[in-house]
>>> print(open('work27.tsv').read())   # TSV, C-alpha atoms and all ligand atoms
chain	number	residue	atom	x	y	z
R	627	MET	CA	124.60	93.64	126.28
R	628	ALA	CA	125.15	97.17	127.66
R	629	ILE	CA	123.80	100.17	125.78
R	630	LYS	CA	126.35	102.86	124.88
R	631	THR	CA	125.15	106.22	126.09
R	632	PHE	CA	126.16	109.84	126.63
R	633	THR	CA	125.25	112.06	129.58
R	634	GLN	CA	122.65	114.72	128.87
R	635	PRO	CA	122.37	117.01	131.92
R	636	ALA	CA	121.43	120.05	129.77
R	637	CYS	CA	118.06	120.54	128.10
R	638	PRO	CA	118.27	119.49	124.42
R	639	PHE	CA	115.95	122.40	123.56
R	640	CYS	CA	117.34	125.37	125.48
R	641	GLY	CA	120.65	124.24	127.06
R	642	ILE	CA	119.65	124.91	130.69
R	643	GLU	CA	120.47	122.12	133.16
R	644	GLY	CA	117.48	119.97	134.05
R	645	ASN	CA	116.29	118.75	137.45
R	646	ILE	CA	116.23	114.99	137.97
R	647	ILE	CA	112.58	114.05	138.51
R	648	HIS	CA	113.13	110.25	138.50
R	649	HIS	CA	116.40	108.43	139.06
R	650	SER	CA	117.72	104.85	138.77
R	651	LEU	CA	114.84	103.68	136.58
R	652	LYS	CA	115.07	100.21	135.06
R	653	ASP	CA	113.42	98.82	131.91
R	654	ARG	CA	110.70	96.67	133.46
R	655	LEU	CA	108.93	95.99	130.15
R	656	PHE	CA	111.60	94.49	127.88
R	657	GLY	CA	114.65	94.10	130.14
R	658	VAL	CA	117.11	96.41	128.39
R	659	PRO	CA	120.08	96.75	130.80
R	660	GLY	CA	121.03	100.06	132.45
R	661	ARG	CA	119.84	102.66	134.95
R	662	TRP	CA	118.12	105.76	133.66
R	663	ALA	CA	117.10	109.14	135.03
R	664	VAL	CA	114.46	111.49	133.68
R	665	ARG	CA	115.30	115.18	133.78
R	666	ARG	CA	112.98	118.11	133.31
R	667	CYS	CA	113.98	121.59	132.14
R	668	VAL	CA	113.93	124.16	134.96
R	669	ASP	CA	112.70	126.88	132.60
R	670	PRO	CA	108.89	126.68	132.82
R	671	ALA	CA	108.64	128.31	129.39
R	672	CYS	CA	110.48	125.28	127.89
R	673	ASP	CA	109.46	122.39	130.20
R	674	LEU	CA	111.00	119.57	128.13
R	675	ALA	CA	111.70	116.27	129.91
R	676	TRP	CA	114.33	113.83	128.65
R	677	LEU	CA	116.27	110.68	129.43
R	678	ASP	CA	119.73	110.92	131.02
R	679	PRO	CA	121.93	109.19	130.06
R	680	MET	CA	120.76	109.20	126.45
R	681	PRO	CA	121.42	106.13	124.23
R	682	LEU	CA	123.66	106.79	121.22
R	683	GLU	CA	121.60	106.90	118.02
R	684	ALA	CA	123.42	103.82	116.66
R	685	GLU	CA	122.43	101.91	119.83
R	686	VAL	CA	118.70	102.65	119.64
R	687	VAL	CA	117.99	99.48	117.65
R	688	LYS	CA	119.12	97.44	120.69
R	689	LEU	CA	116.32	98.98	122.78
R	690	TYR	CA	113.76	97.14	120.63
R	691	LYS	CA	115.36	93.70	120.54
R	692	ASN	CA	112.57	92.08	122.57
R	693	TYR	CA	109.87	94.58	121.59
R	694	TYR	CA	106.23	93.52	121.55
R	695	THR	CA	105.85	93.94	117.78
R	696	HIS	CA	108.20	90.94	117.45
R	697	LYS	CA	105.99	88.57	119.35
R	698	LYS	CA	102.77	86.84	118.51
R	699	THR	CA	100.21	87.53	121.23
R	700	THR	CA	99.16	84.43	123.12
R	701	PRO	CA	95.40	83.80	123.08
R	702	PHE	CA	93.60	84.57	126.32
R	703	LYS	CA	92.94	81.56	128.55
R	704	LYS	CA	89.29	80.79	129.11
R	705	PRO	CA	88.58	82.06	132.63
R	706	HIS	CA	86.72	80.25	135.39
R	707	LEU	CA	82.93	80.83	135.47
R	708	MET	CA	83.04	82.94	138.68
R	709	HIS	CA	85.77	85.03	137.11
R	710	SER	CA	83.71	85.42	133.95
R	711	MET	CA	80.77	86.68	135.99
R	712	GLY	CA	82.97	89.08	137.93
R	713	ARG	CA	84.46	90.38	134.69
R	714	LEU	CA	81.01	90.71	133.15
R	715	SER	CA	79.80	92.92	135.98
R	716	LEU	CA	82.95	95.04	135.70
R	717	LYS	CA	82.32	95.40	131.98
R	718	MET	CA	78.75	96.53	132.68
R	719	GLY	CA	79.99	99.18	135.10
R	720	TYR	CA	82.60	100.26	132.56
R	721	SER	CA	80.01	100.60	129.81
R	722	ILE	CA	78.05	103.05	132.01
R	723	ILE	CA	81.17	105.22	132.39
R	724	LYS	CA	81.85	104.94	128.65
R	725	ARG	CA	78.35	106.21	127.89
R	726	MET	CA	78.49	108.95	130.54
R	727	PHE	CA	81.61	110.45	128.95
R	728	SER	CA	80.92	109.55	125.27
R	729	LEU	CA	84.15	107.53	125.32
R	730	LYS	CA	83.37	105.52	122.20
R	731	GLU	CA	83.22	108.66	120.06
R	732	LYS	CA	86.24	110.24	121.75
R	733	ARG	CA	88.32	107.09	121.19
R	734	ARG	CA	87.18	106.88	117.57
R	735	ARG	CA	88.43	110.43	116.99
R	736	LEU	CA	91.76	109.52	118.62
R	737	LYS	CA	92.05	106.41	116.44
R	738	TYR	CA	91.61	108.52	113.30
R	739	MET	CA	93.95	111.18	114.67
R	740	PHE	CA	91.28	113.91	114.42
R	741	LEU	CA	91.28	113.71	110.62
R	742	GLU	CA	88.26	113.60	108.34
R	743	PRO	CA	87.94	110.69	105.86
R	744	GLY	CA	90.24	111.06	102.83
R	745	ARG	CA	88.86	111.64	99.34
R	746	ASP	CA	90.02	112.56	95.82
R	747	GLY	CA	93.25	110.56	96.23
R	748	LYS	CA	94.38	112.45	99.31
R	749	LYS	CA	97.71	111.12	100.54
R	750	LEU	CA	98.48	110.16	104.12
R	751	LEU	CA	101.80	109.05	105.63
R	752	GLU	CA	102.04	107.29	108.97
R	753	VAL	CA	105.49	107.67	110.53
R	754	GLY	CA	106.29	104.61	112.69
R	755	CYS	CA	103.30	102.66	111.41
R	756	GLY	CA	104.17	99.46	113.36
R	757	ASN	CA	102.11	96.46	112.25
R	758	GLY	CA	99.98	98.61	109.90
R	759	ALA	CA	96.57	98.21	111.58
R	760	ARG	CA	95.91	101.96	111.83
R	761	LEU	CA	97.13	102.53	108.28
R	762	ARG	CA	94.63	99.95	107.07
R	763	ALA	CA	91.85	101.79	108.94
R	764	PHE	CA	92.82	105.03	107.16
R	765	LYS	CA	92.89	103.19	103.81
R	766	ASP	CA	89.37	101.96	104.47
R	767	LYS	CA	88.36	105.59	105.11
R	768	GLY	CA	89.43	106.58	101.61
R	769	TRP	CA	92.99	107.78	102.18
R	770	GLN	CA	95.80	106.79	99.81
R	771	VAL	CA	98.19	105.51	102.47
R	772	THR	CA	101.94	105.04	102.90
R	773	GLY	CA	103.68	103.86	106.06
R	774	GLN	CA	107.23	104.33	107.31
R	775	GLU	CA	108.78	101.88	109.75
R	776	LEU	CA	112.26	101.05	111.08
R	777	ASP	CA	111.43	97.52	112.14
R	778	PRO	CA	111.59	95.09	109.17
R	779	GLN	CA	109.39	92.47	110.92
R	780	ALA	CA	106.62	94.98	111.58
R	781	ALA	CA	106.87	96.35	108.03
R	782	THR	CA	106.57	92.85	106.51
R	783	TYR	CA	103.57	92.13	108.72
R	784	ALA	CA	101.89	95.39	107.60
R	785	LYS	CA	102.37	94.45	103.94
R	786	THR	CA	101.21	90.85	104.18
R	787	GLU	CA	98.46	91.19	106.80
R	788	PHE	CA	97.01	94.61	105.95
R	789	ASP	CA	98.03	95.11	102.33
R	790	VAL	CA	99.50	98.58	102.87
R	791	ASN	CA	102.60	100.12	101.32
R	792	VAL	CA	105.40	100.54	103.89
R	793	LEU	CA	108.76	102.26	103.38
R	794	LEU	CA	111.48	100.63	105.45
R	795	GLY	CA	114.13	102.83	107.04
R	796	ASP	CA	114.71	106.19	108.70
R	797	LEU	CA	112.32	108.84	107.34
R	798	ILE	CA	115.08	111.39	106.67
R	799	ASP	CA	117.32	108.79	104.98
R	800	ILE	CA	114.47	107.66	102.70
R	801	GLY	CA	114.47	111.21	101.26
R	802	LEU	CA	110.90	111.51	100.03
R	803	GLU	CA	109.95	114.09	97.43
R	804	GLY	CA	108.83	117.40	99.01
R	805	GLU	CA	105.28	118.77	99.34
R	806	GLN	CA	103.42	115.54	98.53
R	807	PHE	CA	101.33	114.55	101.58
R	808	ASP	CA	97.98	115.96	102.67
R	809	ALA	CA	98.37	114.47	106.14
R	810	ILE	CA	101.09	112.89	108.29
R	811	VAL	CA	100.23	111.04	111.51
R	812	MET	CA	102.45	109.84	114.36
R	813	ASN	CA	100.80	107.85	117.12
R	814	HIS	CA	103.08	107.52	120.18
R	815	VAL	CA	106.23	107.81	118.07
R	816	ILE	CA	107.74	111.26	118.71
R	817	GLU	CA	108.84	110.30	122.25
R	818	HIS	CA	110.99	107.46	120.78
R	819	ILE	CA	112.95	109.70	118.40
R	820	CYS	CA	116.53	110.90	119.01
R	821	GLU	CA	116.05	114.16	117.10
R	822	PRO	CA	112.34	115.01	117.25
R	823	VAL	CA	112.84	118.50	115.79
R	824	GLY	CA	114.73	117.14	112.77
R	825	MET	CA	112.02	114.53	112.22
R	826	LEU	CA	109.20	117.10	112.35
R	827	ALA	CA	111.11	119.51	110.11
R	828	GLU	CA	111.27	116.66	107.57
R	829	CYS	CA	107.50	116.16	107.96
R	830	ASN	CA	107.05	119.87	107.32
R	831	ARG	CA	109.12	119.60	104.13
R	832	ILE	CA	107.17	116.68	102.66
R	833	LEU	CA	103.74	118.10	103.55
R	834	LYS	CA	101.79	120.00	100.92
R	835	PRO	CA	101.05	123.62	101.81
R	836	GLY	CA	97.90	123.42	103.92
R	837	GLY	CA	98.71	119.80	104.83
R	838	LYS	CA	98.33	118.62	108.42
R	839	VAL	CA	100.48	116.71	110.87
R	840	VAL	CA	98.85	115.07	113.88
R	841	ILE	CA	100.86	113.73	116.82
R	842	THR	CA	99.85	111.86	119.95
R	843	THR	CA	102.32	111.27	122.79
R	844	PRO	CA	102.23	110.66	126.57
R	845	ASN	CA	101.64	113.87	128.55
R	846	ILE	CA	104.19	114.26	131.35
R	847	GLU	CA	101.85	116.78	133.00
R	848	SER	CA	99.15	114.10	133.24
R	849	TYR	CA	97.06	112.99	136.19
R	850	GLY	CA	98.52	109.48	135.72
R	851	HIS	CA	102.11	110.70	136.07
R	852	ALA	CA	101.10	112.53	139.28
R	853	VAL	CA	99.36	109.40	140.64
R	854	PHE	CA	101.79	106.66	139.60
R	855	GLY	CA	105.09	108.59	139.72
R	856	GLU	CA	108.00	106.42	138.58
R	857	ASN	CA	105.56	103.59	137.78
R	858	TRP	CA	103.77	105.71	135.20
R	859	ARG	CA	103.63	103.70	131.97
R	860	GLY	CA	104.33	106.81	129.89
R	861	LEU	CA	107.94	106.99	131.11
R	862	GLU	CA	109.00	103.71	129.46
R	863	PRO	CA	112.76	104.00	130.04
R	864	PRO	CA	114.93	103.75	127.99
R	865	ARG	CA	112.74	103.91	124.85
R	866	HIS	CA	111.01	107.22	125.62
R	867	LEU	CA	113.84	109.68	125.00
R	868	HIS	CA	111.83	112.91	125.25
R	869	LEU	CA	108.58	113.54	127.09
R	870	PHE	CA	106.38	116.50	126.34
R	871	SER	CA	103.77	118.67	128.01
R	872	LYS	CA	101.40	121.24	126.52
R	873	GLN	CA	104.15	123.77	127.28
R	874	SER	CA	107.13	121.94	125.72
R	875	ALA	CA	105.12	121.01	122.61
R	876	VAL	CA	105.27	124.72	121.68
R	877	PRO	CA	109.08	124.93	121.18
R	878	LEU	CA	108.95	121.48	119.52
R	879	MET	CA	106.59	122.74	116.83
R	880	HIS	CA	108.18	126.15	116.53
R	881	LYS	CA	111.70	124.78	116.08
R	882	SER	CA	110.36	122.38	113.41
R	883	GLY	CA	109.03	125.31	111.36
R	884	PHE	CA	105.34	125.02	112.17
R	885	ARG	CA	103.55	128.29	112.93
R	886	GLN	CA	99.94	127.12	113.10
R	887	TYR	CA	99.15	124.46	115.66
R	888	LYS	CA	96.69	123.46	118.30
R	889	ILE	CA	97.78	121.47	121.36
R	890	TRP	CA	95.42	119.78	123.80
R	891	THR	CA	95.19	116.71	126.05
R	892	SER	CA	92.79	113.77	126.23
R	893	ALA	CA	91.92	111.38	129.04
R	894	ALA	CA	89.74	109.19	126.80
R	895	ARG	CA	92.30	106.32	126.68
R	896	ALA	CA	93.49	106.73	130.29
R	897	ALA	CA	92.53	103.12	131.08
R	898	SER	CA	95.09	101.63	128.71
R	899	MET	CA	97.87	103.77	130.23
R	900	ALA	CA	96.63	102.75	133.68
R	901	HIS	CA	96.90	99.02	132.94
R	902	GLY	CA	100.69	99.20	132.58
R	903	SER	CA	101.08	101.67	135.44
R	904	ILE	CA	99.03	99.53	137.86
R	905	ASP	CA	100.93	96.36	136.88
R	906	LEU	CA	104.26	98.15	137.42
R	907	SER	CA	103.09	99.53	140.80
R	908	LEU	CA	101.74	96.21	142.08
R	909	PHE	CA	103.95	93.57	140.47
R	910	GLY	CA	107.01	95.50	139.26
R	911	SER	CA	106.48	94.24	135.71
R	912	HIS	CA	103.99	94.44	132.85
R	913	THR	CA	103.51	92.36	129.71
R	914	MET	CA	102.16	94.34	126.78
R	915	GLY	CA	99.11	92.95	125.02
R	916	GLU	CA	98.09	90.79	127.98
R	917	ARG	CA	94.56	90.97	129.36
R	918	PRO	CA	94.54	92.64	132.81
R	919	ARG	CA	93.94	90.53	135.90
R	920	GLN	CA	90.46	91.14	137.30
R	921	MET	CA	91.67	93.25	140.22
R	922	VAL	CA	93.79	95.32	137.83
R	923	PHE	CA	90.82	95.70	135.47
R	924	LEU	CA	88.72	97.10	138.34
R	925	ARG	CA	91.44	99.62	139.19
R	926	GLU	CA	91.78	100.52	135.52
R	927	ILE	CA	88.07	101.38	135.34
R	928	ILE	CA	88.27	103.45	138.52
R	929	PHE	CA	91.33	105.26	137.17
R	930	GLN	CA	89.58	105.95	133.86
R	931	TYR	CA	86.67	107.52	135.73
R	932	LYS	CA	88.94	109.62	137.98
R	933	ALA	CA	91.09	110.75	135.05
R	934	LEU	CA	88.00	111.96	133.17
R	935	GLN	CA	86.69	113.74	136.25
R	936	ASN	CA	90.08	115.33	136.76
R	937	TRP	CA	90.28	116.39	133.12
R	938	SER	CA	86.94	118.21	133.39
R	939	GLN	CA	88.58	120.41	136.09
R	940	HIS	CA	92.14	120.56	134.69
R	941	GLN	CA	92.22	120.26	130.94
R	942	ASN	CA	95.99	119.92	130.72
R	943	SER	CA	95.91	116.70	132.75
R	944	GLY	CA	94.94	114.13	130.07
R	945	GLU	CA	97.18	111.07	129.69
R	946	GLU	CA	97.83	111.89	126.06
R	947	LEU	CA	98.97	115.07	124.42
R	948	ILE	CA	97.61	115.81	120.95
R	949	ILE	CA	99.29	118.21	118.56
R	950	LYS	CA	97.60	119.12	115.30
R	951	ALA	CA	99.57	121.46	113.05
R	952	GLU	CA	99.09	122.85	109.59
R	953	LYS	CA	101.80	123.75	107.12
R	954	THR	CA	101.08	127.35	106.34
R	955	PRO	CA	101.01	128.05	102.58
R	956	TRP	CA	103.78	130.69	102.68
R	957	GLN	CA	106.37	128.37	104.27
I	1001	ZN	ZN	114.63	123.67	128.18
>>> encode(input="work27.tsv", output="structure tokens", more="lines below")
Ligand SMILES: [Zn+2]
Amino acid sequence: MAIKTFTQPACPFCGIEGNIIHHSLKDRLFGVPGRWAVRRCVDPACDLAWLDPMPLEAEVVKLYKNYYTHKKTTPFKKPHLMHSMGRLSLKMGYSIIKRMFSLKEKRRRLKYMFLEPGRDGKKLLEVGCGNGARLRAFKDKGWQVTGQELDPQAATYAKTEFDVNVLLGDLIDIGLEGEQFDAIVMNHVIEHICEPVGMLAECNRILKPGGKVVITTPNIESYGHAVFGENWRGLEPPRHLHLFSKQSAVPLMHKSGFRQYKIWTSAARAASMAHGSIDLSLFGSHTMGERPRQMVFLREIIFQYKALQNWSQHQNSGEELIIKAEKTPWQ
């Protein structure tokens, strides 16, 4: 079932033609048909990267037909004793790296999207909340939570499994009342959206003055993209429609009406990005949610270490981009 698309040679942000940085990419995660290029704006002040051709908005639902949120994960097979011992020693090595770089704390902060615990009935919205696990974690930290999700199966799961309130449908179509949320979070969602500026402008509208929006997304300027090239997991054609850097996050926020924001990168979860990238490099495919083979696990750990080392020299090179913005009271 072919996906209907339109060509997008010009930058969706500034209209300048983009250079093709990857061509003839295939969906090696969920088998959506088609060949896809990634273009990057030639204006360094803009720097947006995007998919060309671009799926029509009405076709986007087809990109998620076989998506991982629709499948139950199969339990891990019990490995052979020698394998268990090998894995155990890898885990011990990994725990040394984790301690060296305070990874546990850094990952905890990422999980909670750099927000403090909620109190006094503070309201949080998670856009694209998926199965609801993160929303539940925020609820347990005292936030009054609401989720938004396009996928009915994921939304039902969130309600039944995690007992969280989820609104089903497109955020803009739902038409929430303005100025009601203290925080809005989006974890690896913005890159999937056809009109990211429109989506963030809507977030701005429904935030209270002084409210915060926190976004995480793959960083196209990352060490991993440089190392893995077209096998970099962060590309995920054709579901990642726009890819951002520290530079292109600026026009994104500005066009959406935000004037106060901080943008930085993190390498703390580089290992999870590496798992997919290594699988794609070595085997040409990757199954989400599957435990890495031992040899892949070793390479993941090495990559995590190198990515952290690299980040300490080049702080724009983290695998993930983090944007934290505040709605200024006069807006
Ligand atoms: Zn541009």
>>> residues_near_ligand(input="work27.tsv", ligand="ligand ZN 1001 (chain I)", cutoff="6 Å", atoms="only C-alpha atoms and all ligand atoms", output="list in words")
Cys637, Phe639, Cys640, Ile642, Cys667, Asp669, Cys672, Asp673 and Leu674 of chain R
>>> closest_residue(input="work27.tsv", among="R:Gln779, R:Phe870, R:Leu716, R:Asp766", to="Arg925 of chain R", atoms="all atoms listed in the file")
R:Leu716
>>> residues_around(input="work27.tsv", residues="Arg713 of chain R", least_positions_apart="3", cutoff="9 Å", atoms="all atoms listed in the file", output="list in words")
Met708, His709, Ser710, Leu716, Lys717, Met718, Gln920, Phe923 and Leu924 of chain R
>>> axis_aligned_box(input="work27.tsv", around="segment 815-823 of chain R", padding_each_side="6 Å", output="AutoDock Vina command-line options")
--center_x 111.4 --center_y 113.0 --center_z 119.0 --size_x 22.3 --size_y 23.0 --size_z 18.5
>>> residues_around(input="work27.tsv", residues="Val840 of chain R", least_positions_apart="5", cutoff="6 Å", atoms="all atoms listed in the file", output="VMD selection string")
chain R and resid 811 949 to 950
>>> residues_around(input="work27.tsv", residues="Trp676 of chain R", least_positions_apart="6", cutoff="9 Å", atoms="all atoms listed in the file", output="mmCIF file with C-alpha atoms, in the coordinates of the input")
data_model
loop_
_atom_site.group_PDB
_atom_site.id
_atom_site.type_symbol
_atom_site.label_atom_id
_atom_site.label_comp_id
_atom_site.auth_asym_id
_atom_site.auth_seq_id
_atom_site.Cartn_x
_atom_site.Cartn_y
_atom_site.Cartn_z
ATOM 1 C CA GLN R 634 122.650 114.720 128.870
ATOM 2 C CA CYS R 637 118.060 120.540 128.100
ATOM 3 C CA PRO R 638 118.270 119.490 124.420
ATOM 4 C CA GLY R 644 117.480 119.970 134.050
ATOM 5 C CA ALA R 663 117.100 109.140 135.030
ATOM 6 C CA VAL R 664 114.460 111.490 133.680
ATOM 7 C CA ARG R 665 115.300 115.180 133.780
ATOM 8 C CA ARG R 666 112.980 118.110 133.310
ATOM 9 C CA CYS R 667 113.980 121.590 132.140
ATOM 10 C CA HIS R 866 111.010 107.220 125.620
ATOM 11 C CA LEU R 867 113.840 109.680 125.000
ATOM 12 C CA HIS R 868 111.830 112.910 125.250
ATOM 13 C CA LEU R 869 108.580 113.540 127.090
ATOM 14 C CA PHE R 870 106.380 116.500 126.340
#
